>>> print(open('work-v4.cif').read())   # mmCIF, C-alpha atoms; chains and numbers go by the auth columns
data_entry
#
loop_
_atom_site.group_PDB
_atom_site.id
_atom_site.type_symbol
_atom_site.label_atom_id
_atom_site.label_comp_id
_atom_site.label_asym_id
_atom_site.label_seq_id
_atom_site.Cartn_x
_atom_site.Cartn_y
_atom_site.Cartn_z
_atom_site.B_iso_or_equiv
_atom_site.auth_seq_id
_atom_site.auth_asym_id
ATOM 1 C CA MET A 1 20.229 -31.572 11.363 0.00 1 A
ATOM 2 C CA ASN A 2 20.110 -28.092 9.870 0.00 2 A
ATOM 3 C CA GLN A 3 19.284 -27.911 6.195 0.00 3 A
ATOM 4 C CA LYS A 4 21.640 -26.138 3.837 0.00 4 A
ATOM 5 C CA PRO A 5 20.531 -22.750 2.566 0.00 5 A
ATOM 6 C CA TRP A 6 18.966 -22.627 -0.857 0.00 6 A
ATOM 7 C CA HIS A 7 21.113 -21.453 -3.706 0.00 7 A
ATOM 8 C CA ARG A 8 20.677 -17.738 -4.284 0.00 8 A
ATOM 9 C CA ARG A 9 18.878 -18.284 -7.598 0.00 9 A
ATOM 10 C CA ARG A 10 16.427 -20.753 -6.074 0.00 10 A
ATOM 11 C CA PHE A 11 15.745 -18.458 -3.136 0.00 11 A
ATOM 12 C CA LEU A 12 15.090 -15.565 -5.505 0.00 12 A
ATOM 13 C CA ALA A 13 12.792 -17.663 -7.680 0.00 13 A
ATOM 14 C CA SER A 14 10.769 -18.816 -4.671 0.00 14 A
ATOM 15 C CA LEU A 15 10.327 -15.245 -3.414 0.00 15 A
ATOM 16 C CA ARG A 16 9.159 -14.049 -6.819 0.00 16 A
ATOM 17 C CA LYS A 17 6.804 -16.986 -7.308 0.00 17 A
ATOM 18 C CA ASN A 18 5.220 -16.818 -3.869 0.00 18 A
ATOM 19 C CA GLY A 19 4.838 -13.063 -4.017 0.00 19 A
ATOM 20 C CA ALA A 20 3.334 -13.036 -7.498 0.00 20 A
ATOM 21 C CA MET A 21 0.767 -15.655 -6.499 0.00 21 A
ATOM 22 C CA SER A 22 -0.354 -13.768 -3.384 0.00 22 A
ATOM 23 C CA TYR A 23 -0.027 -10.100 -4.358 0.00 23 A
ATOM 24 C CA HIS A 24 -3.220 -8.060 -4.223 0.00 24 A
ATOM 25 C CA HIS A 25 -3.264 -7.072 -7.896 0.00 25 A
ATOM 26 C CA GLN A 26 -5.950 -9.716 -8.463 0.00 26 A
ATOM 27 C CA HIS A 27 -8.155 -8.626 -5.577 0.00 27 A
ATOM 28 C CA PRO A 28 -11.759 -8.046 -6.733 0.00 28 A
ATOM 29 C CA PHE A 29 -11.625 -4.426 -5.558 0.00 29 A
ATOM 30 C CA HIS A 30 -8.598 -3.677 -7.728 0.00 30 A
ATOM 31 C CA LEU A 31 -10.245 -5.390 -10.683 0.00 31 A
ATOM 32 C CA LEU A 32 -13.297 -3.185 -10.212 0.00 32 A
ATOM 33 C CA MET A 33 -11.131 -0.079 -9.903 0.00 33 A
ATOM 34 C CA ASN A 34 -9.028 -0.832 -12.959 0.00 34 A
ATOM 35 C CA SER A 35 -12.077 -1.524 -15.109 0.00 35 A
ATOM 36 C CA GLY A 36 -13.862 1.691 -14.138 0.00 36 A
ATOM 37 C CA GLN A 37 -16.489 -0.001 -11.978 0.00 37 A
ATOM 38 C CA LEU A 38 -16.155 2.207 -8.893 0.00 38 A
ATOM 39 C CA GLY A 39 -18.097 5.350 -8.097 0.00 39 A
ATOM 40 C CA ARG A 40 -16.929 8.529 -6.431 0.00 40 A
ATOM 41 C CA ARG A 41 -17.625 7.426 -2.868 0.00 41 A
ATOM 42 C CA GLU A 42 -15.845 4.095 -3.345 0.00 42 A
ATOM 43 C CA ILE A 43 -12.754 5.892 -4.638 0.00 43 A
ATOM 44 C CA GLN A 44 -12.889 8.284 -1.687 0.00 44 A
ATOM 45 C CA ILE A 45 -13.170 5.435 0.828 0.00 45 A
ATOM 46 C CA TRP A 46 -10.206 3.702 -0.798 0.00 46 A
ATOM 47 C CA ALA A 47 -8.094 6.876 -0.828 0.00 47 A
ATOM 48 C CA ALA A 48 -8.852 7.724 2.816 0.00 48 A
ATOM 49 C CA ASN A 49 -8.081 4.219 4.043 0.00 49 A
ATOM 50 C CA ARG A 50 -4.980 3.786 1.932 0.00 50 A
ATOM 51 C CA PHE A 51 -3.693 7.088 3.325 0.00 51 A
ATOM 52 C CA TYR A 52 -3.528 5.485 6.775 0.00 52 A
ATOM 53 C CA TYR A 53 -1.134 2.946 5.279 0.00 53 A
ATOM 54 C CA GLN A 54 0.907 5.654 3.564 0.00 54 A
ATOM 55 C CA ALA A 55 1.166 7.683 6.773 0.00 55 A
ATOM 56 C CA ASN A 56 2.631 4.696 8.609 0.00 56 A
ATOM 57 C CA ILE A 57 5.216 3.662 6.021 0.00 57 A
ATOM 58 C CA PRO A 58 7.979 5.969 7.348 0.00 58 A
ATOM 59 C CA ILE A 59 7.204 4.805 10.898 0.00 59 A
ATOM 60 C CA LYS A 60 7.667 1.219 9.723 0.00 60 A
ATOM 61 C CA ASP A 61 10.925 2.103 7.989 0.00 61 A
ATOM 62 C CA ALA A 62 12.218 3.916 11.065 0.00 62 A
ATOM 63 C CA ALA A 63 11.510 0.771 13.091 0.00 63 A
ATOM 64 C CA ILE A 64 13.563 -1.306 10.658 0.00 64 A
ATOM 65 C CA MET A 65 16.475 1.099 10.995 0.00 65 A
ATOM 66 C CA ALA A 66 16.195 1.102 14.787 0.00 66 A
ATOM 67 C CA ASN A 67 16.584 -2.693 14.815 0.00 67 A
ATOM 68 C CA CYS A 68 19.480 -2.786 12.357 0.00 68 A
ATOM 69 C CA PRO A 69 23.032 -2.598 13.784 0.00 69 A
ATOM 70 C CA LEU A 70 24.652 -2.285 10.346 0.00 70 A
ATOM 71 C CA ARG A 71 25.550 1.258 9.426 0.00 71 A
ATOM 72 C CA GLU A 72 25.687 0.569 5.691 0.00 72 A
ATOM 73 C CA VAL A 73 22.180 -0.874 5.734 0.00 73 A
ATOM 74 C CA ARG A 74 20.787 2.083 7.679 0.00 74 A
ATOM 75 C CA ARG A 75 22.388 4.457 5.155 0.00 75 A
ATOM 76 C CA LEU A 76 20.768 2.544 2.320 0.00 76 A
ATOM 77 C CA TRP A 77 17.336 2.497 3.970 0.00 77 A
ATOM 78 C CA LEU A 78 17.307 6.120 5.147 0.00 78 A
ATOM 79 C CA HIS A 79 16.069 7.614 1.876 0.00 79 A
ATOM 80 C CA ARG A 80 12.782 5.729 2.227 0.00 80 A
ATOM 81 C CA ILE A 81 11.757 7.867 5.185 0.00 81 A
ATOM 82 C CA ILE A 82 12.528 11.046 3.260 0.00 82 A
ATOM 83 C CA ASP A 83 10.779 9.663 0.177 0.00 83 A
ATOM 84 C CA HIS A 84 7.534 9.374 2.155 0.00 84 A
ATOM 85 C CA ASP A 85 7.818 12.165 4.729 0.00 85 A
ATOM 86 C CA GLY A 86 9.503 14.607 2.366 0.00 86 A
ATOM 87 C CA ALA A 87 12.245 17.050 3.265 0.00 87 A
ATOM 88 C CA ARG A 88 9.755 19.932 3.477 0.00 88 A
ATOM 89 C CA GLU A 89 6.025 20.471 3.842 0.00 89 A
ATOM 90 C CA ASP A 90 3.850 18.711 1.266 0.00 90 A
ATOM 91 C CA GLU A 91 6.740 16.807 -0.272 0.00 91 A
ATOM 92 C CA GLY A 92 7.182 13.058 -0.426 0.00 92 A
ATOM 93 C CA GLY A 93 4.681 10.251 -0.753 0.00 93 A
ATOM 94 C CA ILE A 94 2.511 11.496 2.097 0.00 94 A
ATOM 95 C CA GLY A 95 2.200 14.931 0.524 0.00 95 A
ATOM 96 C CA ALA A 96 1.376 13.365 -2.834 0.00 96 A
ATOM 97 C CA TRP A 97 -1.298 11.174 -1.249 0.00 97 A
ATOM 98 C CA LEU A 98 -2.833 14.176 0.502 0.00 98 A
ATOM 99 C CA ARG A 99 -3.100 15.854 -2.895 0.00 99 A
ATOM 100 C CA LEU A 100 -4.695 12.694 -4.278 0.00 100 A
ATOM 101 C CA GLY A 101 -7.262 12.713 -1.491 0.00 101 A
ATOM 102 C CA GLU A 102 -8.062 16.352 -2.171 0.00 102 A
ATOM 103 C CA ALA A 103 -8.367 15.616 -5.883 0.00 103 A
ATOM 104 C CA CYS A 104 -10.897 12.923 -4.948 0.00 104 A
ATOM 105 C CA GLY A 105 -12.965 15.449 -2.995 0.00 105 A
ATOM 106 C CA LEU A 106 -11.724 14.764 0.537 0.00 106 A
ATOM 107 C CA SER A 107 -10.486 17.481 2.849 0.00 107 A
ATOM 108 C CA ARG A 108 -6.970 17.387 4.200 0.00 108 A
ATOM 109 C CA ARG A 109 -8.342 17.457 7.731 0.00 109 A
ATOM 110 C CA GLU A 110 -10.428 14.311 7.339 0.00 110 A
ATOM 111 C CA LEU A 111 -7.485 12.503 5.771 0.00 111 A
ATOM 112 C CA LEU A 112 -5.113 13.466 8.570 0.00 112 A
ATOM 113 C CA ASN A 113 -7.508 12.595 11.396 0.00 113 A
ATOM 114 C CA HIS A 114 -8.232 9.201 9.782 0.00 114 A
ATOM 115 C CA ARG A 115 -11.961 9.541 10.440 0.00 115 A
ATOM 116 C CA HIS A 116 -12.845 7.217 7.532 0.00 116 A
ATOM 117 C CA VAL A 117 -10.405 4.412 8.386 0.00 117 A
ATOM 118 C CA VAL A 118 -12.243 1.115 8.839 0.00 118 A
ATOM 119 C CA PRO A 119 -11.203 -1.219 11.693 0.00 119 A
ATOM 120 C CA GLY A 120 -9.802 -3.891 9.378 0.00 120 A
ATOM 121 C CA VAL A 121 -7.436 -1.436 7.718 0.00 121 A
ATOM 122 C CA ARG A 122 -6.346 0.069 11.032 0.00 122 A
ATOM 123 C CA PHE A 123 -5.656 -3.406 12.433 0.00 123 A
ATOM 124 C CA ALA A 124 -3.662 -4.486 9.372 0.00 124 A
ATOM 125 C CA VAL A 125 -1.507 -1.363 9.202 0.00 125 A
ATOM 126 C CA ASP A 126 -0.808 -1.362 12.935 0.00 126 A
ATOM 127 C CA ALA A 127 0.164 -5.031 12.669 0.00 127 A
ATOM 128 C CA TYR A 128 2.636 -4.165 9.917 0.00 128 A
ATOM 129 C CA VAL A 129 4.300 -1.482 12.033 0.00 129 A
ATOM 130 C CA ASN A 130 4.411 -3.890 14.982 0.00 130 A
ATOM 131 C CA PHE A 131 5.985 -6.548 12.750 0.00 131 A
ATOM 132 C CA ALA A 132 8.773 -4.142 11.797 0.00 132 A
ATOM 133 C CA ARG A 133 9.322 -3.240 15.433 0.00 133 A
ATOM 134 C CA THR A 134 9.440 -6.774 16.809 0.00 134 A
ATOM 135 C CA ARG A 135 10.923 -8.997 14.106 0.00 135 A
ATOM 136 C CA PRO A 136 14.600 -9.176 13.043 0.00 136 A
ATOM 137 C CA TRP A 137 15.373 -6.482 10.527 0.00 137 A
ATOM 138 C CA PRO A 138 16.032 -8.874 7.574 0.00 138 A
ATOM 139 C CA GLU A 139 12.491 -10.234 7.959 0.00 139 A
ATOM 140 C CA ALA A 140 11.044 -6.727 7.998 0.00 140 A
ATOM 141 C CA VAL A 141 13.057 -5.893 4.886 0.00 141 A
ATOM 142 C CA ALA A 142 11.778 -9.048 3.187 0.00 142 A
ATOM 143 C CA SER A 143 8.203 -8.039 3.927 0.00 143 A
ATOM 144 C CA SER A 144 8.715 -4.975 1.734 0.00 144 A
ATOM 145 C CA LEU A 145 9.408 -7.138 -1.321 0.00 145 A
ATOM 146 C CA THR A 146 5.817 -6.652 -2.424 0.00 146 A
ATOM 147 C CA GLU A 147 7.382 -3.628 -4.151 0.00 147 A
ATOM 148 C CA LEU A 148 8.673 -6.098 -6.751 0.00 148 A
ATOM 149 C CA PHE A 149 5.151 -6.353 -8.090 0.00 149 A
ATOM 150 C CA ALA A 150 4.000 -2.765 -7.559 0.00 150 A
ATOM 151 C CA PRO A 151 5.077 -1.058 -10.825 0.00 151 A
ATOM 152 C CA ASN A 152 2.675 -3.055 -13.014 0.00 152 A
ATOM 153 C CA LEU A 153 -0.187 -2.351 -10.622 0.00 153 A
ATOM 154 C CA MET A 154 0.711 1.352 -10.472 0.00 154 A
ATOM 155 C CA ALA A 155 0.837 1.596 -14.263 0.00 155 A
ATOM 156 C CA LYS A 156 -2.617 0.016 -14.586 0.00 156 A
ATOM 157 C CA ARG A 157 -3.994 2.239 -11.825 0.00 157 A
ATOM 158 C CA LEU A 158 -2.638 5.396 -13.440 0.00 158 A
ATOM 159 C CA GLU A 159 -4.155 4.401 -16.775 0.00 159 A
ATOM 160 C CA ALA A 160 -7.482 3.536 -15.130 0.00 160 A
ATOM 161 C CA PHE A 161 -7.741 6.861 -13.303 0.00 161 A
ATOM 162 C CA LYS A 162 -7.029 8.834 -16.457 0.00 162 A
ATOM 163 C CA ARG A 163 -9.537 6.810 -18.469 0.00 163 A
ATOM 164 C CA PHE A 164 -12.391 6.083 -16.083 0.00 164 A
ATOM 165 C CA TYR A 165 -12.192 8.718 -13.334 0.00 165 A
ATOM 166 C CA PRO A 166 -11.637 12.059 -15.115 0.00 166 A
ATOM 167 C CA TRP A 167 -13.285 13.866 -12.200 0.00 167 A
ATOM 168 C CA VAL A 168 -10.068 13.211 -10.219 0.00 168 A
ATOM 169 C CA ASP A 169 -7.796 16.148 -11.006 0.00 169 A
ATOM 170 C CA ALA A 170 -4.643 15.020 -12.801 0.00 170 A
ATOM 171 C CA SER A 171 -2.492 16.837 -10.235 0.00 171 A
ATOM 172 C CA GLY A 172 -3.569 14.233 -7.703 0.00 172 A
ATOM 173 C CA LEU A 173 -2.006 11.374 -9.653 0.00 173 A
ATOM 174 C CA ASP A 174 1.615 12.323 -8.976 0.00 174 A
ATOM 175 C CA TYR A 175 2.059 9.546 -6.407 0.00 175 A
ATOM 176 C CA PHE A 176 1.339 6.801 -8.918 0.00 176 A
ATOM 177 C CA ALA A 177 3.772 8.247 -11.445 0.00 177 A
ATOM 178 C CA SER A 178 6.539 8.631 -8.841 0.00 178 A
ATOM 179 C CA ARG A 179 6.178 5.018 -7.708 0.00 179 A
ATOM 180 C CA LEU A 180 6.819 3.808 -11.240 0.00 180 A
ATOM 181 C CA VAL A 181 10.389 4.994 -10.652 0.00 181 A
ATOM 182 C CA GLN A 182 10.774 4.489 -6.908 0.00 182 A
ATOM 183 C CA ALA A 183 9.330 0.986 -6.578 0.00 183 A
ATOM 184 C CA PRO A 184 11.857 -0.750 -8.879 0.00 184 A
ATOM 185 C CA ARG A 185 14.732 1.013 -7.110 0.00 185 A
ATOM 186 C CA ASP A 186 13.402 0.234 -3.639 0.00 186 A
ATOM 187 C CA SER A 187 12.601 -3.388 -4.439 0.00 187 A
ATOM 188 C CA GLY A 188 16.065 -3.876 -5.914 0.00 188 A
ATOM 189 C CA GLU A 189 17.669 -2.612 -2.725 0.00 189 A
ATOM 190 C CA ALA A 190 15.434 -4.735 -0.496 0.00 190 A
ATOM 191 C CA LEU A 191 15.931 -7.810 -2.636 0.00 191 A
ATOM 192 C CA LYS A 192 19.721 -7.582 -2.465 0.00 192 A
ATOM 193 C CA LEU A 193 19.607 -7.150 1.313 0.00 193 A
ATOM 194 C CA THR A 194 17.313 -10.159 1.632 0.00 194 A
ATOM 195 C CA LEU A 195 19.464 -12.363 -0.562 0.00 195 A
ATOM 196 C CA ASP A 196 22.679 -11.270 1.175 0.00 196 A
ATOM 197 C CA HIS A 197 21.546 -11.443 4.795 0.00 197 A
ATOM 198 C CA CYS A 198 19.089 -14.342 4.748 0.00 198 A
ATOM 199 C CA ASP A 199 21.962 -16.784 4.391 0.00 199 A
ATOM 200 C CA THR A 200 20.604 -19.804 6.258 0.00 200 A
ATOM 201 C CA ARG A 201 17.596 -21.975 5.438 0.00 201 A
ATOM 202 C CA GLU A 202 15.914 -20.767 8.617 0.00 202 A
ATOM 203 C CA LYS A 203 16.340 -17.120 7.623 0.00 203 A
ATOM 204 C CA GLN A 204 15.228 -17.826 4.074 0.00 204 A
ATOM 205 C CA LEU A 205 12.042 -19.474 5.290 0.00 205 A
ATOM 206 C CA ALA A 206 11.460 -16.561 7.645 0.00 206 A
ATOM 207 C CA ALA A 207 11.831 -14.174 4.699 0.00 207 A
ATOM 208 C CA GLN A 208 9.262 -16.158 2.736 0.00 208 A
ATOM 209 C CA ARG A 209 6.845 -16.005 5.649 0.00 209 A
ATOM 210 C CA ALA A 210 7.433 -12.264 5.974 0.00 210 A
ATOM 211 C CA LEU A 211 6.597 -11.691 2.325 0.00 211 A
ATOM 212 C CA GLN A 212 3.486 -13.839 2.636 0.00 212 A
ATOM 213 C CA PHE A 213 2.478 -11.877 5.749 0.00 213 A
ATOM 214 C CA LYS A 214 2.720 -8.625 3.803 0.00 214 A
ATOM 215 C CA CYS A 215 0.750 -10.013 0.869 0.00 215 A
ATOM 216 C CA ASP A 216 -1.978 -11.230 3.222 0.00 216 A
ATOM 217 C CA LEU A 217 -1.984 -7.860 4.952 0.00 217 A
ATOM 218 C CA LEU A 218 -2.483 -5.941 1.702 0.00 218 A
ATOM 219 C CA TRP A 219 -5.226 -8.342 0.639 0.00 219 A
ATOM 220 C CA GLY A 220 -6.910 -8.008 4.021 0.00 220 A
ATOM 221 C CA MET A 221 -6.873 -4.223 3.745 0.00 221 A
ATOM 222 C CA LEU A 222 -8.726 -4.429 0.450 0.00 222 A
ATOM 223 C CA ASP A 223 -11.191 -6.917 1.940 0.00 223 A
ATOM 224 C CA ALA A 224 -12.010 -4.340 4.620 0.00 224 A
ATOM 225 C CA ILE A 225 -12.262 -1.471 2.121 0.00 225 A
ATOM 226 C CA HIS A 226 -14.385 -3.524 -0.257 0.00 226 A
ATOM 227 C CA GLY A 227 -16.684 -4.529 2.566 0.00 227 A
ATOM 228 C CA ARG A 228 -17.125 -0.897 3.574 0.00 228 A
ATOM 229 C CA CYS A 229 -18.018 0.034 0.001 0.00 229 A
ATOM 230 C CA LEU A 230 -20.553 -2.773 -0.278 0.00 230 A
ATOM 231 C CA ALA A 231 -22.262 -1.397 2.848 0.00 231 A
ATOM 232 C CA LEU A 232 -22.934 1.961 1.163 0.00 232 A
ATOM 233 C CA PRO A 233 -26.622 2.783 0.614 0.00 233 A
ATOM 234 C CA ASN A 234 -26.246 3.016 -3.157 0.00 234 A
ATOM 235 C CA PRO A 235 -23.016 1.328 -4.199 0.00 235 A
ATOM 236 C CA ARG A 236 -22.207 1.427 -7.844 0.00 236 A
ATOM 237 C CA ARG A 237 -23.182 -1.749 -9.676 0.00 237 A
ATOM 238 C CA ARG A 238 -21.653 -3.403 -12.690 0.00 238 A
ATOM 239 C CA GLY A 239 -23.133 -2.043 -15.883 0.00 239 A
ATOM 240 C CA GLN A 240 -24.090 1.341 -14.456 0.00 240 A
ATOM 241 C CA SER A 241 -22.577 4.234 -16.349 0.00 241 A
ATOM 242 C CA ALA A 242 -19.817 6.261 -14.738 0.00 242 A
ATOM 243 C CA GLY A 243 -21.813 9.451 -15.129 0.00 243 A
ATOM 244 C CA GLN A 244 -24.912 8.026 -13.482 0.00 244 A
ATOM 245 C CA ALA A 245 -22.917 6.498 -10.615 0.00 245 A
ATOM 246 C CA ASP A 246 -21.181 9.779 -9.901 0.00 246 A
ATOM 247 C CA LYS A 247 -24.472 11.666 -10.142 0.00 247 A
ATOM 248 C CA ASN A 248 -25.950 9.343 -7.533 0.00 248 A
ATOM 249 C CA SER A 249 -23.026 9.774 -5.169 0.00 249 A
ATOM 250 C CA ASN A 250 -22.032 13.424 -5.544 0.00 250 A
ATOM 251 C CA SER A 251 -24.445 14.719 -2.937 0.00 251 A
ATOM 252 C CA ASN A 252 -23.434 12.247 -0.251 0.00 252 A
ATOM 253 C CA PRO A 253 -20.153 12.681 1.601 0.00 253 A
ATOM 254 C CA VAL A 254 -18.143 9.656 2.632 0.00 254 A
ATOM 255 C CA PRO A 255 -19.699 8.355 5.844 0.00 255 A
ATOM 256 C CA ALA A 256 -17.312 7.942 8.727 0.00 256 A
ATOM 257 C CA SER A 257 -16.568 4.458 10.002 0.00 257 A
ATOM 258 C CA LYS A 258 -18.463 3.265 13.030 0.00 258 A
ATOM 259 C CA GLY A 259 -16.768 4.431 16.188 0.00 259 A
ATOM 260 C CA ASP A 260 -14.495 6.954 14.483 0.00 260 A
ATOM 261 C CA SER A 261 -14.404 10.569 15.569 0.00 261 A
ATOM 262 C CA GLN A 262 -16.460 13.114 13.675 0.00 262 A
ATOM 263 C CA THR A 263 -14.435 16.046 14.908 0.00 263 A
#
>>> encode(input="work-v4.cif", output="structure tokens")
Amino acid sequence: MNQKPWHRRRFLASLRKNGAMSYHHQHPFHLLMNSGQLGRREIQIWAANRFYYQANIPIKDAAIMANCPLREVRRLWLHRIIDHDGAREDEGGIGAWLRLGEACGLSRRELLNHRHVVPGVRFAVDAYVNFARTRPWPEAVASSLTELFAPNLMAKRLEAFKRFYPWVDASGLDYFASRLVQAPRDSGEALKLTLDHCDTREKQLAAQRALQFKCDLLWGMLDAIHGRCLALPNPRRRGQSAGQADKNSNSNPVPASKGDSQT
């Protein structure tokens, strides 16, 4: 016998609770970043790997649209592709992240050729795109509900960069500031679609699993990035001053991941 769908309020509460418990804001790498415990090379590794995620967001969103037969939903979702790809060169989230990478001391070429992307990050991001391509569109939409929890993380990250990482040019922080506005809007749209279209218990459970999948994916990306940083010859340690850590790392470029192209 099929179970009745949860009441809308209960479904919403369960999504918020499960997401808040699993979101990557409490990952050890983020805690180190937000408390000023990362050195220059660690920030560069993070920025280069996170760019691979950013570059694939519009591909993921295009896959959701391709699977959705509802014109009104496609119209609502379309702006996300423009938000990340931009209408012109160097606009959008991808352009802003390229500027962040440059502000961190990375070249645009090495960001775009993904030479520093570690296997765990590549696997996770590719799995996310594949999820959007192969799962029903309401599940893919539900997976994006991690945006519900992003503004607080973005605010802390912006504050941390200004306070602890002054060597990162302020012009590179535009992405974080823009997401303080975009994330609440985007999460509101995705949440309404999830609540409206996941109207059976089966679909509601699938939406919960999709959100958990995304939370696990984001956590796994940070696991891979953190592991790469710990493998550095002279990783920054707790208690070491920011100036000394940056002095130790300035002369050493970010090493490419094993197996990645050097060209």
>>> residues_around(input="work-v4.cif", residues="Ala62 (chain A)", least_positions_apart="6", cutoff="9 Å", atoms="only C-alpha atoms", output="list in words")
Trp77, Leu78, Ile81, Ala132 and Arg133 of chain A
>>> atom_distance(input="work-v4.cif", atom1="CA of Ala103 (chain A)", atom2="CA of Ala127 (chain A)")
29.0 Å
>>> atom_distance(input="work-v4.cif", atom1="CA of Ala47 (chain A)", atom2="CA of His114 (chain A)")
10.9 Å
>>> residues_around(input="work-v4.cif", residues="Val118 (chain A)", least_positions_apart="2", cutoff="7 Å", atoms="only C-alpha atoms", output="PDB file with C-alpha atoms, keeping the file's coordinate frame")
ATOM      1  CA  HIS A 116     -12.845   7.217   7.532  1.00  0.00           C
ATOM      2  CA  GLY A 120      -9.802  -3.891   9.378  1.00  0.00           C
ATOM      3  CA  VAL A 121      -7.436  -1.436   7.718  1.00  0.00           C
ATOM      4  CA  ARG A 122      -6.346   0.069  11.032  1.00  0.00           C
ATOM      5  CA  ALA A 224     -12.010  -4.340   4.620  1.00  0.00           C
ATOM      6  CA  SER A 257     -16.568   4.458  10.002  1.00  0.00           C
TER       7      SER A 257
END
>>> atom_distance(input="work-v4.cif", atom1="CA of Thr194 (chain A)", atom2="CA of Gly95 (chain A)")
29.3 Å
>>> residues_around(input="work-v4.cif", residues="Arg157 (chain A)", least_positions_apart="4", cutoff="12 Å", atoms="all atoms listed in the file", output="list of chain:residue names")
A:His25, A:Phe29, A:His30, A:Leu31, A:Leu32, A:Met33, A:Asn34, A:Ser35, A:Gly36, A:Ile43, A:Ala150, A:Pro151, A:Asn152, A:Leu153, A:Phe161, A:Lys162, A:Arg163, A:Phe164, A:Tyr165, A:Leu173, A:Asp174, A:Tyr175, A:Phe176, A:Ala177, A:Arg179, A:Leu180
>>> closest_residue(input="work-v4.cif", among="A:Glu42, A:Glu159, A:Asp223, A:Glu72", to="Gln26 (chain A)", atoms="all atoms listed in the file")
A:Asp223
>>> residues_around(input="work-v4.cif", residues="region 195-206 of chain A", least_positions_apart="4", cutoff="9 Å", atoms="only C-alpha atoms", output="PyMOL selection string")
chain A and resi 2-6+8+11-12+138-139+142+190-191+210-211
>>> residues_around(input="work-v4.cif", residues="Leu145 (chain A)", least_positions_apart="4", cutoff="10 Å", atoms="only C-alpha atoms", output="PyMOL selection string")
chain A and resi 15-16+19+140-141+149-150+183+186-191+194+207-208+210-212+214-215
>>> write_last_selection(input="work-v4.cif", atoms="C-alpha atoms", output="mmCIF file, in the frame of the given file")
data_model
loop_
_atom_site.group_PDB
_atom_site.id
_atom_site.type_symbol
_atom_site.label_atom_id
_atom_site.label_comp_id
_atom_site.auth_asym_id
_atom_site.auth_seq_id
_atom_site.Cartn_x
_atom_site.Cartn_y
_atom_site.Cartn_z
ATOM 1 C CA LEU A 15 10.327 -15.245 -3.414
ATOM 2 C CA ARG A 16 9.159 -14.049 -6.819
ATOM 3 C CA GLY A 19 4.838 -13.063 -4.017
ATOM 4 C CA ALA A 140 11.044 -6.727 7.998
ATOM 5 C CA VAL A 141 13.057 -5.893 4.886
ATOM 6 C CA PHE A 149 5.151 -6.353 -8.090
ATOM 7 C CA ALA A 150 4.000 -2.765 -7.559
ATOM 8 C CA ALA A 183 9.330 0.986 -6.578
ATOM 9 C CA ASP A 186 13.402 0.234 -3.639
ATOM 10 C CA SER A 187 12.601 -3.388 -4.439
ATOM 11 C CA GLY A 188 16.065 -3.876 -5.914
ATOM 12 C CA GLU A 189 17.669 -2.612 -2.725
ATOM 13 C CA ALA A 190 15.434 -4.735 -0.496
ATOM 14 C CA LEU A 191 15.931 -7.810 -2.636
ATOM 15 C CA THR A 194 17.313 -10.159 1.632
ATOM 16 C CA ALA A 207 11.831 -14.174 4.699
ATOM 17 C CA GLN A 208 9.262 -16.158 2.736
ATOM 18 C CA ALA A 210 7.433 -12.264 5.974
ATOM 19 C CA LEU A 211 6.597 -11.691 2.325
ATOM 20 C CA GLN A 212 3.486 -13.839 2.636
ATOM 21 C CA LYS A 214 2.720 -8.625 3.803
ATOM 22 C CA CYS A 215 0.750 -10.013 0.869
#
